[in-house]
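S.K.: Here you go, this is coords32.cif (mmCIF, N, CA and C atoms, pLDDT in the B column; chains and numbers go by the auth columns).
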data_input
loop_
_atom_site.group_PDB
_atom_site.id
_atom_site.type_symbol
_atom_site.label_atom_id
_atom_site.label_comp_id
_atom_site.label_asym_id
_atom_site.label_seq_id
_atom_site.Cartn_x
_atom_site.Cartn_y
_atom_site.Cartn_z
_atom_site.B_iso_or_equiv
_atom_site.auth_seq_id
_atom_site.auth_asym_id
ATOM 1 N N MET A 1 -6.656 -12.583 9.552 89.00 257 F
ATOM 2 C CA MET A 1 -7.019 -11.831 8.372 89.00 257 F
ATOM 3 C C MET A 1 -5.849 -11.883 7.389 89.00 257 F
ATOM 4 N N ARG A 2 -6.171 -11.990 6.127 93.00 258 F
ATOM 5 C CA ARG A 2 -5.145 -11.991 5.079 93.00 258 F
ATOM 6 C C ARG A 2 -5.212 -10.695 4.304 93.00 258 F
ATOM 7 N N ILE A 3 -4.040 -10.169 3.997 94.00 259 F
ATOM 8 C CA ILE A 3 -3.961 -8.927 3.218 94.00 259 F
ATOM 9 C C ILE A 3 -2.982 -9.127 2.074 94.00 259 F
ATOM 10 N N GLN A 4 -3.187 -8.365 1.017 96.00 260 F
ATOM 11 C CA GLN A 4 -2.257 -8.343 -0.102 96.00 260 F
ATOM 12 C C GLN A 4 -1.351 -7.133 0.088 96.00 260 F
ATOM 13 N N GLY A 5 -0.065 -7.349 -0.102 97.00 261 F
ATOM 14 C CA GLY A 5 0.858 -6.243 0.052 97.00 261 F
ATOM 15 C C GLY A 5 2.202 -6.564 -0.550 97.00 261 F
ATOM 16 N N ALA A 6 3.116 -5.635 -0.392 97.00 262 F
ATOM 17 C CA ALA A 6 4.473 -5.808 -0.910 97.00 262 F
ATOM 18 C C ALA A 6 5.420 -4.959 -0.085 97.00 262 F
ATOM 19 N N VAL A 7 6.605 -5.498 0.151 97.00 263 F
ATOM 20 C CA VAL A 7 7.672 -4.723 0.764 97.00 263 F
ATOM 21 C C VAL A 7 8.639 -4.382 -0.364 97.00 263 F
ATOM 22 N N ILE A 8 8.928 -3.110 -0.495 97.00 264 F
ATOM 23 C CA ILE A 8 9.731 -2.626 -1.609 97.00 264 F
ATOM 24 C C ILE A 8 10.958 -1.897 -1.076 97.00 264 F
ATOM 25 N N ARG A 9 12.096 -2.197 -1.672 96.00 265 F
ATOM 26 C CA ARG A 9 13.335 -1.479 -1.369 96.00 265 F
ATOM 27 C C ARG A 9 13.747 -0.757 -2.641 96.00 265 F
ATOM 28 N N GLU A 10 13.760 0.558 -2.565 92.00 266 F
ATOM 29 C CA GLU A 10 14.051 1.354 -3.756 92.00 266 F
ATOM 30 C C GLU A 10 14.774 2.624 -3.336 92.00 266 F
ATOM 31 N N GLN A 11 15.869 2.918 -3.997 87.00 267 F
ATOM 32 C CA GLN A 11 16.633 4.146 -3.780 87.00 267 F
ATOM 33 C C GLN A 11 16.957 4.352 -2.303 87.00 267 F
ATOM 34 N N GLY A 12 17.376 3.283 -1.639 92.00 268 F
ATOM 35 C CA GLY A 12 17.770 3.366 -0.240 92.00 268 F
ATOM 36 C C GLY A 12 16.620 3.431 0.746 92.00 268 F
ATOM 37 N N GLN A 13 15.401 3.336 0.269 93.00 269 F
ATOM 38 C CA GLN A 13 14.211 3.376 1.124 93.00 269 F
ATOM 39 C C GLN A 13 13.539 1.999 1.121 93.00 269 F
ATOM 40 N N THR A 14 13.038 1.595 2.268 97.00 270 F
ATOM 41 C CA THR A 14 12.223 0.389 2.362 97.00 270 F
ATOM 42 C C THR A 14 10.853 0.817 2.853 97.00 270 F
ATOM 43 N N PHE A 15 9.814 0.359 2.178 98.00 271 F
ATOM 44 C CA PHE A 15 8.449 0.700 2.558 98.00 271 F
ATOM 45 C C PHE A 15 7.522 -0.434 2.132 98.00 271 F
ATOM 46 N N ALA A 16 6.309 -0.390 2.643 98.00 272 F
ATOM 47 C CA ALA A 16 5.314 -1.412 2.309 98.00 272 F
ATOM 48 C C ALA A 16 4.134 -0.760 1.598 98.00 272 F
ATOM 49 N N VAL A 17 3.543 -1.516 0.686 98.00 273 F
ATOM 50 C CA VAL A 17 2.311 -1.108 0.019 98.00 273 F
ATOM 51 C C VAL A 17 1.268 -2.152 0.402 98.00 273 F
ATOM 52 N N VAL A 18 0.114 -1.704 0.882 98.00 274 F
ATOM 53 C CA VAL A 18 -0.936 -2.611 1.309 98.00 274 F
ATOM 54 C C VAL A 18 -2.202 -2.292 0.520 98.00 274 F
ATOM 55 N N VAL A 19 -2.835 -3.329 -0.016 98.00 275 F
ATOM 56 C CA VAL A 19 -4.063 -3.175 -0.793 98.00 275 F
ATOM 57 C C VAL A 19 -5.250 -3.051 0.164 98.00 275 F
ATOM 58 N N VAL A 20 -6.057 -2.015 -0.050 97.00 276 F
ATOM 59 C CA VAL A 20 -7.262 -1.793 0.755 97.00 276 F
ATOM 60 C C VAL A 20 -8.431 -1.495 -0.183 97.00 276 F
ATOM 61 N N LYS A 21 -9.626 -1.473 0.380 97.00 277 F
ATOM 62 C CA LYS A 21 -10.812 -1.123 -0.404 97.00 277 F
ATOM 63 C C LYS A 21 -10.818 0.389 -0.659 97.00 277 F
ATOM 64 N N PRO A 22 -11.435 0.825 -1.752 97.00 278 F
ATOM 65 C CA PRO A 22 -11.410 2.248 -2.113 97.00 278 F
ATOM 66 C C PRO A 22 -11.905 3.193 -1.026 97.00 278 F
ATOM 67 N N HIS A 23 -12.919 2.806 -0.268 97.00 279 F
ATOM 68 C CA HIS A 23 -13.451 3.718 0.747 97.00 279 F
ATOM 69 C C HIS A 23 -12.409 4.061 1.814 97.00 279 F
ATOM 70 N N VAL A 24 -11.417 3.198 2.002 97.00 280 F
ATOM 71 C CA VAL A 24 -10.386 3.467 3.009 97.00 280 F
ATOM 72 C C VAL A 24 -9.523 4.650 2.589 97.00 280 F
ATOM 73 N N VAL A 25 -9.099 4.697 1.334 97.00 281 F
ATOM 74 C CA VAL A 25 -8.251 5.808 0.893 97.00 281 F
ATOM 75 C C VAL A 25 -9.049 7.085 0.652 97.00 281 F
ATOM 76 N N GLN A 26 -10.367 6.978 0.626 96.00 282 F
ATOM 77 C CA GLN A 26 -11.206 8.162 0.432 96.00 282 F
ATOM 78 C C GLN A 26 -11.474 8.904 1.742 96.00 282 F
ATOM 79 N N SER A 27 -11.110 8.285 2.856 96.00 283 F
ATOM 80 C CA SER A 27 -11.300 8.903 4.168 96.00 283 F
ATOM 81 C C SER A 27 -9.949 8.986 4.864 96.00 283 F
ATOM 82 N N SER A 28 -9.504 10.197 5.165 95.00 284 F
ATOM 83 C CA SER A 28 -8.195 10.328 5.803 95.00 284 F
ATOM 84 C C SER A 28 -8.176 9.659 7.175 95.00 284 F
ATOM 85 N N ALA A 29 -9.297 9.675 7.884 97.00 285 F
ATOM 86 C CA ALA A 29 -9.350 9.018 9.200 97.00 285 F
ATOM 87 C C ALA A 29 -9.241 7.502 9.048 97.00 285 F
ATOM 88 N N ALA A 30 -9.988 6.939 8.097 97.00 286 F
ATOM 89 C CA ALA A 30 -9.923 5.491 7.876 97.00 286 F
ATOM 90 C C ALA A 30 -8.539 5.081 7.377 97.00 286 F
ATOM 91 N N ALA A 31 -7.952 5.891 6.518 97.00 287 F
ATOM 92 C CA ALA A 31 -6.621 5.582 5.997 97.00 287 F
ATOM 93 C C ALA A 31 -5.581 5.631 7.106 97.00 287 F
ATOM 94 N N ALA A 32 -5.661 6.632 7.973 97.00 288 F
ATOM 95 C CA ALA A 32 -4.713 6.738 9.087 97.00 288 F
ATOM 96 C C ALA A 32 -4.859 5.543 10.025 97.00 288 F
ATOM 97 N N ASP A 33 -6.104 5.113 10.286 97.00 289 F
ATOM 98 C CA ASP A 33 -6.335 3.933 11.130 97.00 289 F
ATOM 99 C C ASP A 33 -5.741 2.686 10.485 97.00 289 F
ATOM 100 N N ALA A 34 -5.920 2.544 9.186 96.00 290 F
ATOM 101 C CA ALA A 34 -5.384 1.369 8.481 96.00 290 F
ATOM 102 C C ALA A 34 -3.862 1.359 8.541 96.00 290 F
ATOM 103 N N ILE A 35 -3.251 2.501 8.299 96.00 291 F
ATOM 104 C CA ILE A 35 -1.787 2.579 8.346 96.00 291 F
ATOM 105 C C ILE A 35 -1.289 2.220 9.743 96.00 291 F
ATOM 106 N N ARG A 36 -1.954 2.742 10.783 95.00 292 F
ATOM 107 C CA ARG A 36 -1.562 2.409 12.160 95.00 292 F
ATOM 108 C C ARG A 36 -1.716 0.921 12.434 95.00 292 F
ATOM 109 N N SER A 37 -2.767 0.311 11.930 93.00 293 F
ATOM 110 C CA SER A 37 -2.997 -1.111 12.206 93.00 293 F
ATOM 111 C C SER A 37 -1.986 -2.007 11.490 93.00 293 F
ATOM 112 N N PHE A 38 -1.493 -1.574 10.335 93.00 294 F
ATOM 113 C CA PHE A 38 -0.522 -2.384 9.596 93.00 294 F
ATOM 114 C C PHE A 38 0.922 -2.113 10.011 93.00 294 F
ATOM 115 N N ALA A 39 1.174 -1.004 10.696 91.00 295 F
ATOM 116 C CA ALA A 39 2.543 -0.630 11.061 91.00 295 F
ATOM 117 C C ALA A 39 3.290 -1.729 11.828 91.00 295 F
ATOM 118 N N PRO A 40 2.672 -2.389 12.828 91.00 296 F
ATOM 119 C CA PRO A 40 3.412 -3.437 13.546 91.00 296 F
ATOM 120 C C PRO A 40 3.749 -4.648 12.671 91.00 296 F
ATOM 121 N N VAL A 41 2.972 -4.879 11.637 90.00 297 F
ATOM 122 C CA VAL A 41 3.199 -6.033 10.761 90.00 297 F
ATOM 123 C C VAL A 41 4.453 -5.824 9.913 90.00 297 F
ATOM 124 N N PHE A 42 4.634 -4.615 9.402 93.00 298 F
ATOM 125 C CA PHE A 42 5.713 -4.353 8.458 93.00 298 F
ATOM 126 C C PHE A 42 6.915 -3.640 9.068 93.00 298 F
ATOM 127 N N GLY A 43 6.685 -2.762 10.024 94.00 299 F
ATOM 128 C CA GLY A 43 7.790 -2.055 10.665 94.00 299 F
ATOM 129 C C GLY A 43 8.509 -1.049 9.781 94.00 299 F
ATOM 130 N N VAL A 44 7.894 -0.664 8.679 97.00 300 F
ATOM 131 C CA VAL A 44 8.443 0.330 7.762 97.00 300 F
ATOM 132 C C VAL A 44 7.300 1.270 7.369 97.00 300 F
ATOM 133 N N PRO A 45 7.589 2.421 6.750 97.00 301 F
ATOM 134 C CA PRO A 45 6.497 3.288 6.289 97.00 301 F
ATOM 135 C C PRO A 45 5.541 2.522 5.369 97.00 301 F
ATOM 136 N N ILE A 46 4.256 2.858 5.473 97.00 302 F
ATOM 137 C CA ILE A 46 3.229 2.144 4.709 97.00 302 F
ATOM 138 C C ILE A 46 2.469 3.112 3.814 97.00 302 F
ATOM 139 N N VAL A 47 2.235 2.658 2.597 98.00 303 F
ATOM 140 C CA VAL A 47 1.374 3.361 1.652 98.00 303 F
ATOM 141 C C VAL A 47 0.222 2.420 1.332 98.00 303 F
ATOM 142 N N LEU A 48 -0.989 2.956 1.338 98.00 304 F
ATOM 143 C CA LEU A 48 -2.165 2.161 0.992 98.00 304 F
ATOM 144 C C LEU A 48 -2.444 2.301 -0.491 98.00 304 F
ATOM 145 N N MET A 49 -2.972 1.238 -1.083 98.00 305 F
ATOM 146 C CA MET A 49 -3.320 1.270 -2.502 98.00 305 F
ATOM 147 C C MET A 49 -4.712 0.682 -2.666 98.00 305 F
ATOM 148 N N ALA A 50 -5.560 1.417 -3.366 98.00 306 F
ATOM 149 C CA ALA A 50 -6.894 0.927 -3.709 98.00 306 F
ATOM 150 C C ALA A 50 -7.074 1.097 -5.210 98.00 306 F
ATOM 151 N N GLN A 51 -7.894 0.231 -5.790 96.00 307 F
ATOM 152 C CA GLN A 51 -8.171 0.317 -7.221 96.00 307 F
ATOM 153 C C GLN A 51 -9.635 0.646 -7.442 96.00 307 F
ATOM 154 N N ASP A 52 -9.895 1.479 -8.451 94.00 308 F
ATOM 155 C CA ASP A 52 -11.280 1.788 -8.791 94.00 308 F
ATOM 156 C C ASP A 52 -11.842 0.667 -9.668 94.00 308 F
ATOM 157 N N SER A 53 -13.052 0.831 -10.152 93.00 309 F
ATOM 158 C CA SER A 53 -13.713 -0.225 -10.926 93.00 309 F
ATOM 159 C C SER A 53 -13.000 -0.537 -12.243 93.00 309 F
ATOM 160 N N ARG A 54 -12.154 0.373 -12.701 94.00 310 F
ATOM 161 C CA ARG A 54 -11.390 0.138 -13.929 94.00 310 F
ATOM 162 C C ARG A 54 -9.986 -0.376 -13.646 94.00 310 F
ATOM 163 N N GLY A 55 -9.665 -0.571 -12.365 91.00 311 F
ATOM 164 C CA GLY A 55 -8.356 -1.078 -12.002 91.00 311 F
ATOM 165 C C GLY A 55 -7.290 -0.014 -11.828 91.00 311 F
ATOM 166 N N ARG A 56 -7.674 1.256 -11.903 95.00 312 F
ATOM 167 C CA ARG A 56 -6.705 2.338 -11.725 95.00 312 F
ATOM 168 C C ARG A 56 -6.397 2.505 -10.242 95.00 312 F
ATOM 169 N N PRO A 57 -5.112 2.527 -9.900 97.00 313 F
ATOM 170 C CA PRO A 57 -4.758 2.626 -8.487 97.00 313 F
ATOM 171 C C PRO A 57 -4.774 4.055 -7.958 97.00 313 F
ATOM 172 N N THR A 58 -5.066 4.150 -6.662 96.00 314 F
ATOM 173 C CA THR A 58 -4.919 5.379 -5.901 96.00 314 F
ATOM 174 C C THR A 58 -4.058 5.033 -4.699 96.00 314 F
ATOM 175 N N PHE A 59 -3.075 5.869 -4.413 97.00 315 F
ATOM 176 C CA PHE A 59 -2.166 5.616 -3.298 97.00 315 F
ATOM 177 C C PHE A 59 -2.385 6.659 -2.216 97.00 315 F
ATOM 178 N N TYR A 60 -2.244 6.216 -0.972 97.00 316 F
ATOM 179 C CA TYR A 60 -2.398 7.118 0.171 97.00 316 F
ATOM 180 C C TYR A 60 -1.278 6.817 1.162 97.00 316 F
ATOM 181 N N GLY A 61 -0.595 7.838 1.595 97.00 317 F
ATOM 182 C CA GLY A 61 0.476 7.667 2.558 97.00 317 F
ATOM 183 C C GLY A 61 1.493 8.774 2.389 97.00 317 F
ATOM 184 N N ARG A 62 2.723 8.489 2.763 95.00 318 F
ATOM 185 C CA ARG A 62 3.772 9.495 2.619 95.00 318 F
ATOM 186 C C ARG A 62 3.802 10.005 1.186 95.00 318 F
ATOM 187 N N PRO A 63 3.729 11.305 0.995 96.00 319 F
ATOM 188 C CA PRO A 63 3.625 11.851 -0.363 96.00 319 F
ATOM 189 C C PRO A 63 4.745 11.421 -1.302 96.00 319 F
ATOM 190 N N ASP A 64 5.975 11.356 -0.823 95.00 320 F
ATOM 191 C CA ASP A 64 7.069 10.968 -1.717 95.00 320 F
ATOM 192 C C ASP A 64 6.924 9.521 -2.173 95.00 320 F
ATOM 193 N N ILE A 65 6.494 8.647 -1.277 95.00 321 F
ATOM 194 C CA ILE A 65 6.323 7.241 -1.647 95.00 321 F
ATOM 195 C C ILE A 65 5.092 7.074 -2.533 95.00 321 F
ATOM 196 N N ALA A 66 4.005 7.759 -2.201 96.00 322 F
ATOM 197 C CA ALA A 66 2.790 7.669 -3.018 96.00 322 F
ATOM 198 C C ALA A 66 3.057 8.143 -4.446 96.00 322 F
ATOM 199 N N ARG A 67 3.814 9.242 -4.599 96.00 323 F
ATOM 200 C CA ARG A 67 4.159 9.737 -5.949 96.00 323 F
ATOM 201 C C ARG A 67 4.998 8.701 -6.695 96.00 323 F
ATOM 202 N N PHE A 68 5.982 8.143 -5.993 96.00 324 F
ATOM 203 C CA PHE A 68 6.828 7.135 -6.625 96.00 324 F
ATOM 204 C C PHE A 68 5.974 5.948 -7.083 96.00 324 F
ATOM 205 N N MET A 69 5.116 5.437 -6.203 96.00 325 F
ATOM 206 C CA MET A 69 4.311 4.262 -6.551 96.00 325 F
ATOM 207 C C MET A 69 3.355 4.541 -7.706 96.00 325 F
ATOM 208 N N ALA A 70 2.906 5.779 -7.843 95.00 326 F
ATOM 209 C CA ALA A 70 2.012 6.121 -8.949 95.00 326 F
ATOM 210 C C ALA A 70 2.701 5.937 -10.295 95.00 326 F
ATOM 211 N N SER A 71 4.041 5.927 -10.297 95.00 327 F
ATOM 212 C CA SER A 71 4.777 5.763 -11.556 95.00 327 F
ATOM 213 C C SER A 71 5.215 4.314 -11.799 95.00 327 F
ATOM 214 N N VAL A 72 4.920 3.430 -10.863 95.00 328 F
ATOM 215 C CA VAL A 72 5.345 2.029 -10.984 95.00 328 F
ATOM 216 C C VAL A 72 4.190 1.196 -11.532 95.00 328 F
ATOM 217 N N PRO A 73 4.420 0.417 -12.594 96.00 329 F
ATOM 218 C CA PRO A 73 3.355 -0.463 -13.098 96.00 329 F
ATOM 219 C C PRO A 73 3.000 -1.508 -12.023 96.00 329 F
ATOM 220 N N LEU A 74 1.710 -1.726 -11.804 94.00 330 F
ATOM 221 C CA LEU A 74 1.289 -2.654 -10.755 94.00 330 F
ATOM 222 C C LEU A 74 1.820 -4.069 -10.961 94.00 330 F
ATOM 223 N N HIS A 75 2.010 -4.480 -12.208 94.00 331 F
ATOM 224 C CA HIS A 75 2.509 -5.833 -12.460 94.00 331 F
ATOM 225 C C HIS A 75 3.975 -5.983 -12.057 94.00 331 F
ATOM 226 N N ALA A 76 4.661 -4.862 -11.836 95.00 332 F
ATOM 227 C CA ALA A 76 6.069 -4.914 -11.435 95.00 332 F
ATOM 228 C C ALA A 76 6.242 -4.978 -9.913 95.00 332 F
ATOM 229 N N VAL A 77 5.149 -4.837 -9.185 96.00 333 F
ATOM 230 C CA VAL A 77 5.209 -4.862 -7.722 96.00 333 F
ATOM 231 C C VAL A 77 5.218 -6.322 -7.249 96.00 333 F
ATOM 232 N N PRO A 78 6.114 -6.662 -6.314 96.00 334 F
ATOM 233 C CA PRO A 78 6.199 -8.052 -5.840 96.00 334 F
ATOM 234 C C PRO A 78 5.117 -8.384 -4.807 96.00 334 F
ATOM 235 N N TRP A 79 3.873 -8.442 -5.246 97.00 335 F
ATOM 236 C CA TRP A 79 2.739 -8.693 -4.354 97.00 335 F
ATOM 237 C C TRP A 79 2.846 -10.072 -3.717 97.00 335 F
ATOM 238 N N ARG A 80 2.397 -10.142 -2.475 96.00 336 F
ATOM 239 C CA ARG A 80 2.240 -11.433 -1.810 96.00 336 F
ATOM 240 C C ARG A 80 1.165 -11.297 -0.758 96.00 336 F
ATOM 241 N N GLU A 81 0.756 -12.421 -0.219 96.00 337 F
ATOM 242 C CA GLU A 81 -0.280 -12.442 0.804 96.00 337 F
ATOM 243 C C GLU A 81 0.363 -12.516 2.175 96.00 337 F
ATOM 244 N N TYR A 82 -0.134 -11.681 3.091 92.00 338 F
ATOM 245 C CA TYR A 82 0.356 -11.674 4.473 92.00 338 F
ATOM 246 C C TYR A 82 -0.793 -12.031 5.394 92.00 338 F
ATOM 247 N N THR A 83 -0.492 -12.746 6.462 88.00 339 F
ATOM 248 C CA THR A 83 -1.498 -13.054 7.472 88.00 339 F
ATOM 249 C C THR A 83 -1.300 -12.109 8.642 88.00 339 F
ATOM 250 N N VAL A 84 -2.373 -11.415 9.025 81.00 340 F
ATOM 251 C CA VAL A 84 -2.344 -10.446 10.109 81.00 340 F
ATOM 252 C C VAL A 84 -3.325 -10.929 11.174 81.00 340 F
ATOM 253 N N ASN A 85 -2.881 -10.962 12.403 75.00 341 F
ATOM 254 C CA ASN A 85 -3.791 -11.379 13.504 75.00 341 F
ATOM 255 C C ASN A 85 -4.382 -10.188 14.196 75.00 341 F
#
Taking this structure as input, can you express it in the form of structure tokens?

M.R.:
Amino acid sequence: MRIQGAVIREQGQTFAVVVVKPHVVQSSAAAADAIRSFAPVFGVPIVLMAQDSRGRPTFYGRPDIARFMASVPLHAVPWREYTVN
């Protein structure tokens, strides 16, 4: 499976942002499952990001990281594709 994501180092913190479908961030159980499934791939705290039909992002994960990411323009994030088995 291929996923879109980014590993970010900011203010002494390293974390990952992973793109998911909107229904994942709308369900805390689905979001928790997704974070658990991606944890071995990245080995750092994970925040999920989904976009609505207008492209507006919603972040789910550690509140401090989610708040920070809400202030970052999406074009400034170093997105890349990861392969997950």

S.K.: With 4 Å on each side, where is the centre of the axis-aligned box around all listed atoms of region 318-326 of chain F, and how long are its edges in Å to one decimal, as AutoDock Vina command-line options?

M.R.:
--center_x 4.5 --center_y 8.1 --center_z -3.8 --size_x 13.1 --size_y 15.6 --size_z 21.1

S.K.: As an exercise, work out the distance from CA of Glu337 (chain F) to CA of Val263 (chain F) in Å and give it to one decimal place.

M.R.: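 About the pair CA of Glu337 (chain F) and CA of Val263 (chain F): they are 11.1 Å apart.
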
S.K.: Which residues match the PyMOL selection byres ((chain F and resi 302) around 7) in the file above, as JSON, numbers by chain?

M.R.: {"F": [271, 272, 273, 274, 291, 295, 300, 301, 303, 304, 316, 317, 318]}

S.K.: Quick one: which residues end up in the PyMOL selection byres ((chain F and resi 336) around 8) for this structure, as JSON, numbers by chain?

M.R.: {"F": [259, 260, 261, 262, 263, 333, 334, 335, 337, 338, 339]}

S.K.: How would you write, as a PDB file with N, CA and C atoms, in the coordinates of the input, the set of residues in chain F that DSSP gives as strand (DSSP E or B)?

M.R.:
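File produced: selection.pdb:
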ATOM      1  N   ARG F 258      -6.171 -11.990   6.127  1.00 93.00           N
ATOM      2  CA  ARG F 258      -5.145 -11.991   5.079  1.00 93.00           C
ATOM      3  C   ARG F 258      -5.212 -10.695   4.304  1.00 93.00           C
ATOM      4  N   ILE F 259      -4.040 -10.169   3.997  1.00 94.00           N
ATOM      5  CA  ILE F 259      -3.961  -8.927   3.218  1.00 94.00           C
ATOM      6  C   ILE F 259      -2.982  -9.127   2.074  1.00 94.00           C
ATOM      7  N   GLN F 260      -3.187  -8.365   1.017  1.00 96.00           N
ATOM      8  CA  GLN F 260      -2.257  -8.343  -0.102  1.00 96.00           C
ATOM      9  C   GLN F 260      -1.351  -7.133   0.088  1.00 96.00           C
ATOM     10  N   GLY F 261      -0.065  -7.349  -0.102  1.00 97.00           N
ATOM     11  CA  GLY F 261       0.858  -6.243   0.052  1.00 97.00           C
ATOM     12  C   GLY F 261       2.202  -6.564  -0.550  1.00 97.00           C
ATOM     13  N   ALA F 262       3.116  -5.635  -0.392  1.00 97.00           N
ATOM     14  CA  ALA F 262       4.473  -5.808  -0.910  1.00 97.00           C
ATOM     15  C   ALA F 262       5.420  -4.959  -0.085  1.00 97.00           C
ATOM     16  N   VAL F 263       6.605  -5.498   0.151  1.00 97.00           N
ATOM     17  CA  VAL F 263       7.672  -4.723   0.764  1.00 97.00           C
ATOM     18  C   VAL F 263       8.639  -4.382  -0.364  1.00 97.00           C
ATOM     19  N   ILE F 264       8.928  -3.110  -0.495  1.00 97.00           N
ATOM     20  CA  ILE F 264       9.731  -2.626  -1.609  1.00 97.00           C
ATOM     21  C   ILE F 264      10.958  -1.897  -1.076  1.00 97.00           C
ATOM     22  N   ARG F 265      12.096  -2.197  -1.672  1.00 96.00           N
ATOM     23  CA  ARG F 265      13.335  -1.479  -1.369  1.00 96.00           C
ATOM     24  C   ARG F 265      13.747  -0.757  -2.641  1.00 96.00           C
ATOM     25  N   GLU F 266      13.760   0.558  -2.565  1.00 92.00           N
ATOM     26  CA  GLU F 266      14.051   1.354  -3.756  1.00 92.00           C
ATOM     27  C   GLU F 266      14.774   2.624  -3.336  1.00 92.00           C
ATOM     28  N   GLN F 269      15.401   3.336   0.269  1.00 93.00           N
ATOM     29  CA  GLN F 269      14.211   3.376   1.124  1.00 93.00           C
ATOM     30  C   GLN F 269      13.539   1.999   1.121  1.00 93.00           C
ATOM     31  N   THR F 270      13.038   1.595   2.268  1.00 97.00           N
ATOM     32  CA  THR F 270      12.223   0.389   2.362  1.00 97.00           C
ATOM     33  C   THR F 270      10.853   0.817   2.853  1.00 97.00           C
ATOM     34  N   PHE F 271       9.814   0.359   2.178  1.00 98.00           N
ATOM     35  CA  PHE F 271       8.449   0.700   2.558  1.00 98.00           C
ATOM     36  C   PHE F 271       7.522  -0.434   2.132  1.00 98.00           C
ATOM     37  N   ALA F 272       6.309  -0.390   2.643  1.00 98.00           N
ATOM     38  CA  ALA F 272       5.314  -1.412   2.309  1.00 98.00           C
ATOM     39  C   ALA F 272       4.134  -0.760   1.598  1.00 98.00           C
ATOM     40  N   VAL F 273       3.543  -1.516   0.686  1.00 98.00           N
ATOM     41  CA  VAL F 273       2.311  -1.108   0.019  1.00 98.00           C
ATOM     42  C   VAL F 273       1.268  -2.152   0.402  1.00 98.00           C
ATOM     43  N   VAL F 274       0.114  -1.704   0.882  1.00 98.00           N
ATOM     44  CA  VAL F 274      -0.936  -2.611   1.309  1.00 98.00           C
ATOM     45  C   VAL F 274      -2.202  -2.292   0.520  1.00 98.00           C
ATOM     46  N   VAL F 275      -2.835  -3.329  -0.016  1.00 98.00           N
ATOM     47  CA  VAL F 275      -4.063  -3.175  -0.793  1.00 98.00           C
ATOM     48  C   VAL F 275      -5.250  -3.051   0.164  1.00 98.00           C
ATOM     49  N   ILE F 302       4.256   2.858   5.473  1.00 97.00           N
ATOM     50  CA  ILE F 302       3.229   2.144   4.709  1.00 97.00           C
ATOM     51  C   ILE F 302       2.469   3.112   3.814  1.00 97.00           C
ATOM     52  N   VAL F 303       2.235   2.658   2.597  1.00 98.00           N
ATOM     53  CA  VAL F 303       1.374   3.361   1.652  1.00 98.00           C
ATOM     54  C   VAL F 303       0.222   2.420   1.332  1.00 98.00           C
ATOM     55  N   LEU F 304      -0.989   2.956   1.338  1.00 98.00           N
ATOM     56  CA  LEU F 304      -2.165   2.161   0.992  1.00 98.00           C
ATOM     57  C   LEU F 304      -2.444   2.301  -0.491  1.00 98.00           C
ATOM     58  N   MET F 305      -2.972   1.238  -1.083  1.00 98.00           N
ATOM     59  CA  MET F 305      -3.320   1.270  -2.502  1.00 98.00           C
ATOM     60  C   MET F 305      -4.712   0.682  -2.666  1.00 98.00           C
ATOM     61  N   ALA F 306      -5.560   1.417  -3.366  1.00 98.00           N
ATOM     62  CA  ALA F 306      -6.894   0.927  -3.709  1.00 98.00           C
ATOM     63  C   ALA F 306      -7.074   1.097  -5.210  1.00 98.00           C
ATOM     64  N   GLN F 307      -7.894   0.231  -5.790  1.00 96.00           N
ATOM     65  CA  GLN F 307      -8.171   0.317  -7.221  1.00 96.00           C
ATOM     66  C   GLN F 307      -9.635   0.646  -7.442  1.00 96.00           C
ATOM     67  N   PRO F 313      -5.112   2.527  -9.900  1.00 97.00           N
ATOM     68  CA  PRO F 313      -4.758   2.626  -8.487  1.00 97.00           C
ATOM     69  C   PRO F 313      -4.774   4.055  -7.958  1.00 97.00           C
ATOM     70  N   THR F 314      -5.066   4.150  -6.662  1.00 96.00           N
ATOM     71  CA  THR F 314      -4.919   5.379  -5.901  1.00 96.00           C
ATOM     72  C   THR F 314      -4.058   5.033  -4.699  1.00 96.00           C
ATOM     73  N   PHE F 315      -3.075   5.869  -4.413  1.00 97.00           N
ATOM     74  CA  PHE F 315      -2.166   5.616  -3.298  1.00 97.00           C
ATOM     75  C   PHE F 315      -2.385   6.659  -2.216  1.00 97.00           C
ATOM     76  N   TYR F 316      -2.244   6.216  -0.972  1.00 97.00           N
ATOM     77  CA  TYR F 316      -2.398   7.118   0.171  1.00 97.00           C
ATOM     78  C   TYR F 316      -1.278   6.817   1.162  1.00 97.00           C
ATOM     79  N   ARG F 336       2.397 -10.142  -2.475  1.00 96.00           N
ATOM     80  CA  ARG F 336       2.240 -11.433  -1.810  1.00 96.00           C
ATOM     81  C   ARG F 336       1.165 -11.297  -0.758  1.00 96.00           C
ATOM     82  N   GLU F 337       0.756 -12.421  -0.219  1.00 96.00           N
ATOM     83  CA  GLU F 337      -0.280 -12.442   0.804  1.00 96.00           C
ATOM     84  C   GLU F 337       0.363 -12.516   2.175  1.00 96.00           C
ATOM     85  N   TYR F 338      -0.134 -11.681   3.091  1.00 92.00           N
ATOM     86  CA  TYR F 338       0.356 -11.674   4.473  1.00 92.00           C
ATOM     87  C   TYR F 338      -0.793 -12.031   5.394  1.00 92.00           C
ATOM     88  N   THR F 339      -0.492 -12.746   6.462  1.00 88.00           N
ATOM     89  CA  THR F 339      -1.498 -13.054   7.472  1.00 88.00           C
ATOM     90  C   THR F 339      -1.300 -12.109   8.642  1.00 88.00           C
TER      91      THR F 339
END

S.K.: With all atoms listed in the file as the atoms that count, which of F:Ala287, F:Val340, F:Val276, F:Met325 lies nearest to Met305 (chain F)?

M.R.: F:Val276

S.K.: Point out the residue among F:Ala326, F:Met257, F:Val297, F:Ala306 with the least atom-to-atom distance to Lys277 (chain F), counting only N, CA and C atoms.

M.R.: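 Smallest distance to Lys277 (chain F) is found for F:Ala306.
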
S.K.: What is the CA of Asn341 (chain F)-CA of Glu266 (chain F) distance in Å, reported with one decimal?

M.R.: 27.9 Å

S.K.: As an exercise, work out the distance from CA of Phe298 (chain F) to atom C of Gly311 (chain F) in Å and give it to one decimal place.

M.R.: 24.5 Å
